[in-house]
Amino acid sequence: QLTVADVAVPRFSPKPRTTWTPPAAPAPRPSAPKKVPYVESGVENLVEKVDNFVHPVENSVEKVDKIPQETLLPPRNMEKQVQVAPIEPRPQPVPEANVIPKPEEKPVEKPVDIPQPEPQAEPVPEVEPWRVAGEVLNTYIIVEQGDKILLIDKHAAHERMNFDRMKAQGYQAMAQTLLSPVLCRLAPEEQAVLLGNLPLLEEFGFQADDFGGGALAVREAPDYLDVEDIPDTLSQLAQKLLTTGHADPAGARDELLHTMACKAAIKGGWKTSPQELERVAQAVMDGSVKYCPHGRPVAIELTRKELEKQFKRA
């Protein structure tokens, strides 16, 4: 049984406590150089360690002395910590050769046939109405149109109509065979030039040959030519050929056309039917006939004002 003394007095005596004393301050470490070369396995390492310590309370920076060379890791430990890779030379860029780019082949576009609009005919100006008022002196046709009148030389206008018709390509003259040949006695040079141009005479409806004795026998003549007018017409044709035939054959043919157109035209002083007057006036009023083959005008114009001036009305 335990007694009070057993409880009050411990069985084991406590060990005396030792007091703690702070360690002595370390001596200042010698400063190491900034760069300490260290060569291992042919690789040069520069060791520089800087430790910056920021005091958490005073918010000040204390610089820690650099680690001396003796504290560096031994070479074996360094190999474990750092694996040094051999330095390989960087590949140098190879300059590209100047390559001339090939021209791109463009696809050939097929032309598209765009339908062209049909040319529209120019509108024909409307002609003011006109009428044939009559004929004076059996030579001039009177045409009334609005406030003006026109006097048309029926012979000159009809001559131009014949000239254009004969000069047109493919014209064939209407020839009539004479009941008896017409003997034409001409000058020797006129007869010679006509015999030398018989094909040309046939174009105008003549068929002739040498009758002998200085005479020319005409067996066919144009239907619009009177028999008594044949010798004079052939003489005029011979004179045209003598003056222009050798120098300008085309001009000689035009001269013959002038002569034949004049012979075929209605004559001034002749009485003409109203139908023929209407046909000649129509050719002048529609503008197809303006001048005769010799260049003379076929019509003159008089206005109402000019007429009233002649009568002292203006």
# chains A, B, ... in the order shown; residues from 1 in each chain; ligands from 1
call {"tool": "select_by_dssp", "arguments": {"residues": "segment 167-225 of chain A", "states": "strand (DSSP E)", "output": "PyMOL selection string"}}
result
chain A and resi 175-185+207-212+215-222
call {"tool": "select_by_dssp", "arguments": {"residues": "segment 279-313 of chain A", "states": "helix (DSSP H, G or I)", "output": "JSON, numbers by chain"}}
result
{"A": [279, 280, 281, 282, 283, 284, 285, 304, 305, 306, 307, 308, 309, 310]}
call {"tool": "atom_distance", "arguments": {"atom1": "atom CA of Leu186 of chain A", "atom2": "atom CA of Val227 of chain A"}}
result
16.2 Å
call {"tool": "residues_around", "arguments": {"residues": "Pro181 of chain A", "least_positions_apart": "3", "cutoff": "6 Å", "atoms": "only C-alpha atoms", "output": "PyMOL selection string"}}
result
chain A and resi 217-219
call {"tool": "atom_distance", "arguments": {"atom1": "atom CA of Ser235 of chain A", "atom2": "atom CA of Thr259 of chain A"}}
result
10.8 Å
call {"tool": "atom_distance", "arguments": {"atom1": "atom CA of Ala215 of chain A", "atom2": "atom CA of Ala252 of chain A"}}
result
23.5 Å
call {"tool": "residues_around", "arguments": {"residues": "Gln282 of chain A", "least_positions_apart": "5", "cutoff": "10 Å", "atoms": "only C-alpha atoms", "output": "PDB file with all heavy atoms, in the first residue's frame"}}
result
ATOM      1  N   TRP A 130     -45.926  67.903-153.305  1.00  0.00           N
ATOM      2  CA  TRP A 130     -45.763  68.763-154.465  1.00  0.00           C
ATOM      3  C   TRP A 130     -46.713  68.295-155.577  1.00  0.00           C
ATOM      4  O   TRP A 130     -47.243  67.181-155.528  1.00  0.00           O
ATOM      5  CB  TRP A 130     -44.312  68.751-154.978  1.00  0.00           C
ATOM      6  CG  TRP A 130     -43.786  67.370-155.320  1.00  0.00           C
ATOM      7  CD1 TRP A 130     -43.193  66.495-154.464  1.00  0.00           C
ATOM      8  CD2 TRP A 130     -43.857  66.722-156.577  1.00  0.00           C
ATOM      9  NE1 TRP A 130     -42.867  65.333-155.100  1.00  0.00           N
ATOM     10  CE2 TRP A 130     -43.255  65.449-156.417  1.00  0.00           C
ATOM     11  CE3 TRP A 130     -44.345  67.074-157.827  1.00  0.00           C
ATOM     12  CZ2 TRP A 130     -43.159  64.541-157.462  1.00  0.00           C
ATOM     13  CZ3 TRP A 130     -44.240  66.186-158.878  1.00  0.00           C
ATOM     14  CH2 TRP A 130     -43.649  64.922-158.679  1.00  0.00           C
ATOM     15  N   ARG A 131     -46.843  69.133-156.576  1.00  0.00           N
ATOM     16  CA  ARG A 131     -47.696  68.790-157.721  1.00  0.00           C
ATOM     17  C   ARG A 131     -47.174  69.478-158.965  1.00  0.00           C
ATOM     18  O   ARG A 131     -46.530  70.539-158.878  1.00  0.00           O
ATOM     19  CB  ARG A 131     -49.150  69.176-157.481  1.00  0.00           C
ATOM     20  CG  ARG A 131     -49.408  70.685-157.501  1.00  0.00           C
ATOM     21  CD  ARG A 131     -50.868  71.034-157.266  1.00  0.00           C
ATOM     22  NE  ARG A 131     -51.100  72.480-157.396  1.00  0.00           N
ATOM     23  CZ  ARG A 131     -51.431  73.094-158.533  1.00  0.00           C
ATOM     24  NH1 ARG A 131     -51.571  72.396-159.658  1.00  0.00           N
ATOM     25  NH2 ARG A 131     -51.627  74.412-158.575  1.00  0.00           N
ATOM     26  N   VAL A 132     -47.417  68.852-160.121  1.00  0.00           N
ATOM     27  CA  VAL A 132     -47.045  69.460-161.403  1.00  0.00           C
ATOM     28  C   VAL A 132     -48.154  70.434-161.793  1.00  0.00           C
ATOM     29  O   VAL A 132     -49.303  70.047-162.049  1.00  0.00           O
ATOM     30  CB  VAL A 132     -46.861  68.397-162.501  1.00  0.00           C
ATOM     31  CG1 VAL A 132     -46.576  69.058-163.862  1.00  0.00           C
ATOM     32  CG2 VAL A 132     -45.730  67.451-162.122  1.00  0.00           C
ATOM     33  N   GLU A 276     -45.184  61.729-169.151  1.00  0.00           N
ATOM     34  CA  GLU A 276     -43.739  61.913-169.271  1.00  0.00           C
ATOM     35  C   GLU A 276     -43.266  63.087-168.420  1.00  0.00           C
ATOM     36  O   GLU A 276     -42.192  63.028-167.792  1.00  0.00           O
ATOM     37  CB  GLU A 276     -43.389  62.150-170.744  1.00  0.00           C
ATOM     38  CG  GLU A 276     -41.896  62.131-171.039  1.00  0.00           C
ATOM     39  CD  GLU A 276     -41.286  60.734-170.918  1.00  0.00           C
ATOM     40  OE1 GLU A 276     -42.049  59.753-170.945  1.00  0.00           O
ATOM     41  OE2 GLU A 276     -40.048  60.643-170.785  1.00  0.00           O
ATOM     42  N   LEU A 277     -44.046  64.142-168.365  1.00  0.00           N
ATOM     43  CA  LEU A 277     -43.684  65.276-167.523  1.00  0.00           C
ATOM     44  C   LEU A 277     -43.648  64.857-166.043  1.00  0.00           C
ATOM     45  O   LEU A 277     -42.757  65.284-165.299  1.00  0.00           O
ATOM     46  CB  LEU A 277     -44.687  66.423-167.729  1.00  0.00           C
ATOM     47  CG  LEU A 277     -44.710  67.089-169.113  1.00  0.00           C
ATOM     48  CD1 LEU A 277     -45.800  68.158-169.174  1.00  0.00           C
ATOM     49  CD2 LEU A 277     -43.372  67.699-169.457  1.00  0.00           C
ATOM     50  N   GLY A 287     -34.515  63.951-155.714  1.00  0.00           N
ATOM     51  CA  GLY A 287     -33.088  64.210-155.554  1.00  0.00           C
ATOM     52  C   GLY A 287     -32.174  63.352-156.389  1.00  0.00           C
ATOM     53  O   GLY A 287     -30.947  63.510-156.311  1.00  0.00           O
ATOM     54  N   SER A 288     -32.674  62.435-157.187  1.00  0.00           N
ATOM     55  CA  SER A 288     -31.803  61.585-158.009  1.00  0.00           C
ATOM     56  C   SER A 288     -31.227  62.333-159.203  1.00  0.00           C
ATOM     57  O   SER A 288     -30.206  61.923-159.759  1.00  0.00           O
ATOM     58  CB  SER A 288     -32.573  60.352-158.488  1.00  0.00           C
ATOM     59  OG  SER A 288     -33.721  60.735-159.234  1.00  0.00           O
ATOM     60  N   VAL A 289     -31.836  63.415-159.628  1.00  0.00           N
ATOM     61  CA  VAL A 289     -31.353  64.213-160.757  1.00  0.00           C
ATOM     62  C   VAL A 289     -31.224  65.657-160.286  1.00  0.00           C
ATOM     63  O   VAL A 289     -32.207  66.268-159.863  1.00  0.00           O
ATOM     64  CB  VAL A 289     -32.313  64.112-161.964  1.00  0.00           C
ATOM     65  CG1 VAL A 289     -31.876  65.077-163.065  1.00  0.00           C
ATOM     66  CG2 VAL A 289     -32.363  62.691-162.490  1.00  0.00           C
TER      67      VAL A 289
END
call {"tool": "residues_around", "arguments": {"residues": "Gln191 of chain A", "least_positions_apart": "4", "cutoff": "8 Å", "atoms": "only C-alpha atoms", "output": "VMD selection string"}}
result
chain A and resid 186 to 187 195 214 to 216 238
call {"tool": "closest_residue", "arguments": {"among": "A:Ala121, A:Ile230, A:Ile152, A:Cys292", "to": "Val182 of chain A", "atoms": "only C-alpha atoms"}}
result
A:Ile230
call {"tool": "closest_residue", "arguments": {"among": "A:Arg160, A:Met260, A:Arg296, A:Leu194", "to": "Asp229 of chain A", "atoms": "only C-alpha atoms"}}
result
A:Met260
call {"tool": "residues_around", "arguments": {"residues": "segment 161-177 of chain A", "least_positions_apart": "2", "cutoff": "7 Å", "atoms": "only C-alpha atoms", "output": "list in words"}}
result
Ala157, His158, Glu159, Leu179, Glu203, Phe204, Gly205, Arg219, Glu220, Ala221, Pro222, Asp223, Leu257, His258, Ala261, Ala265 and Pro293 of chain A
call {"tool": "residues_around", "arguments": {"residues": "Ile149 of chain A", "least_positions_apart": "6", "cutoff": "9 Å", "atoms": "only C-alpha atoms", "output": "MDAnalysis selection string"}}
result
chainID A and resid 142:143 300:304
call {"tool": "write_last_selection", "arguments": {"atoms": "N, CA, C and O atoms", "output": "PDB file, in the first residue's frame"}}
result
ATOM      1  N   ILE A 142     -43.493  73.253-164.526  1.00  0.00           N
ATOM      2  CA  ILE A 142     -43.759  74.041-163.334  1.00  0.00           C
ATOM      3  C   ILE A 142     -44.236  73.098-162.225  1.00  0.00           C
ATOM      4  O   ILE A 142     -45.209  72.364-162.414  1.00  0.00           O
ATOM      5  N   VAL A 143     -43.522  73.120-161.106  1.00  0.00           N
ATOM      6  CA  VAL A 143     -43.868  72.291-159.951  1.00  0.00           C
ATOM      7  C   VAL A 143     -44.106  73.215-158.768  1.00  0.00           C
ATOM      8  O   VAL A 143     -43.277  74.087-158.464  1.00  0.00           O
ATOM      9  N   ILE A 300     -34.551  75.489-161.267  1.00  0.00           N
ATOM     10  CA  ILE A 300     -34.354  76.692-160.472  1.00  0.00           C
ATOM     11  C   ILE A 300     -35.571  76.856-159.564  1.00  0.00           C
ATOM     12  O   ILE A 300     -36.662  76.348-159.868  1.00  0.00           O
ATOM     13  N   GLU A 301     -35.375  77.565-158.445  1.00  0.00           N
ATOM     14  CA  GLU A 301     -36.411  77.683-157.418  1.00  0.00           C
ATOM     15  C   GLU A 301     -36.761  79.140-157.205  1.00  0.00           C
ATOM     16  O   GLU A 301     -35.887  80.008-157.143  1.00  0.00           O
ATOM     17  N   LEU A 302     -38.040  79.406-157.075  1.00  0.00           N
ATOM     18  CA  LEU A 302     -38.534  80.741-156.783  1.00  0.00           C
ATOM     19  C   LEU A 302     -39.479  80.646-155.588  1.00  0.00           C
ATOM     20  O   LEU A 302     -40.386  79.804-155.571  1.00  0.00           O
ATOM     21  N   THR A 303     -39.249  81.494-154.578  1.00  0.00           N
ATOM     22  CA  THR A 303     -40.106  81.504-153.405  1.00  0.00           C
ATOM     23  C   THR A 303     -41.226  82.527-153.587  1.00  0.00           C
ATOM     24  O   THR A 303     -41.189  83.394-154.472  1.00  0.00           O
ATOM     25  N   ARG A 304     -42.223  82.418-152.709  1.00  0.00           N
ATOM     26  CA  ARG A 304     -43.331  83.374-152.750  1.00  0.00           C
ATOM     27  C   ARG A 304     -42.823  84.796-152.518  1.00  0.00           C
ATOM     28  O   ARG A 304     -43.285  85.750-153.172  1.00  0.00           O
TER      29      ARG A 304
END
call {"tool": "closest_residue", "arguments": {"among": "A:Pro119, A:Gly251, A:Pro129, A:Gly134", "to": "Lys271 of chain A", "atoms": "only C-alpha atoms"}}
result
A:Gly134
call {"tool": "closest_residue", "arguments": {"among": "A:Thr244, A:Gln236, A:Thr139, A:Gln310", "to": "Gly268 of chain A", "atoms": "only C-alpha atoms"}}
result
A:Thr139
call {"tool": "closest_residue", "arguments": {"among": "A:Asp210, A:Pro117, A:Leu151, A:Val193", "to": "Thr243 of chain A", "atoms": "only C-alpha atoms"}}
result
A:Val193
call {"tool": "closest_residue", "arguments": {"among": "A:Leu150, A:Met285, A:Cys184, A:Leu137", "to": "Leu234 of chain A", "atoms": "only C-alpha atoms"}}
result
A:Cys184
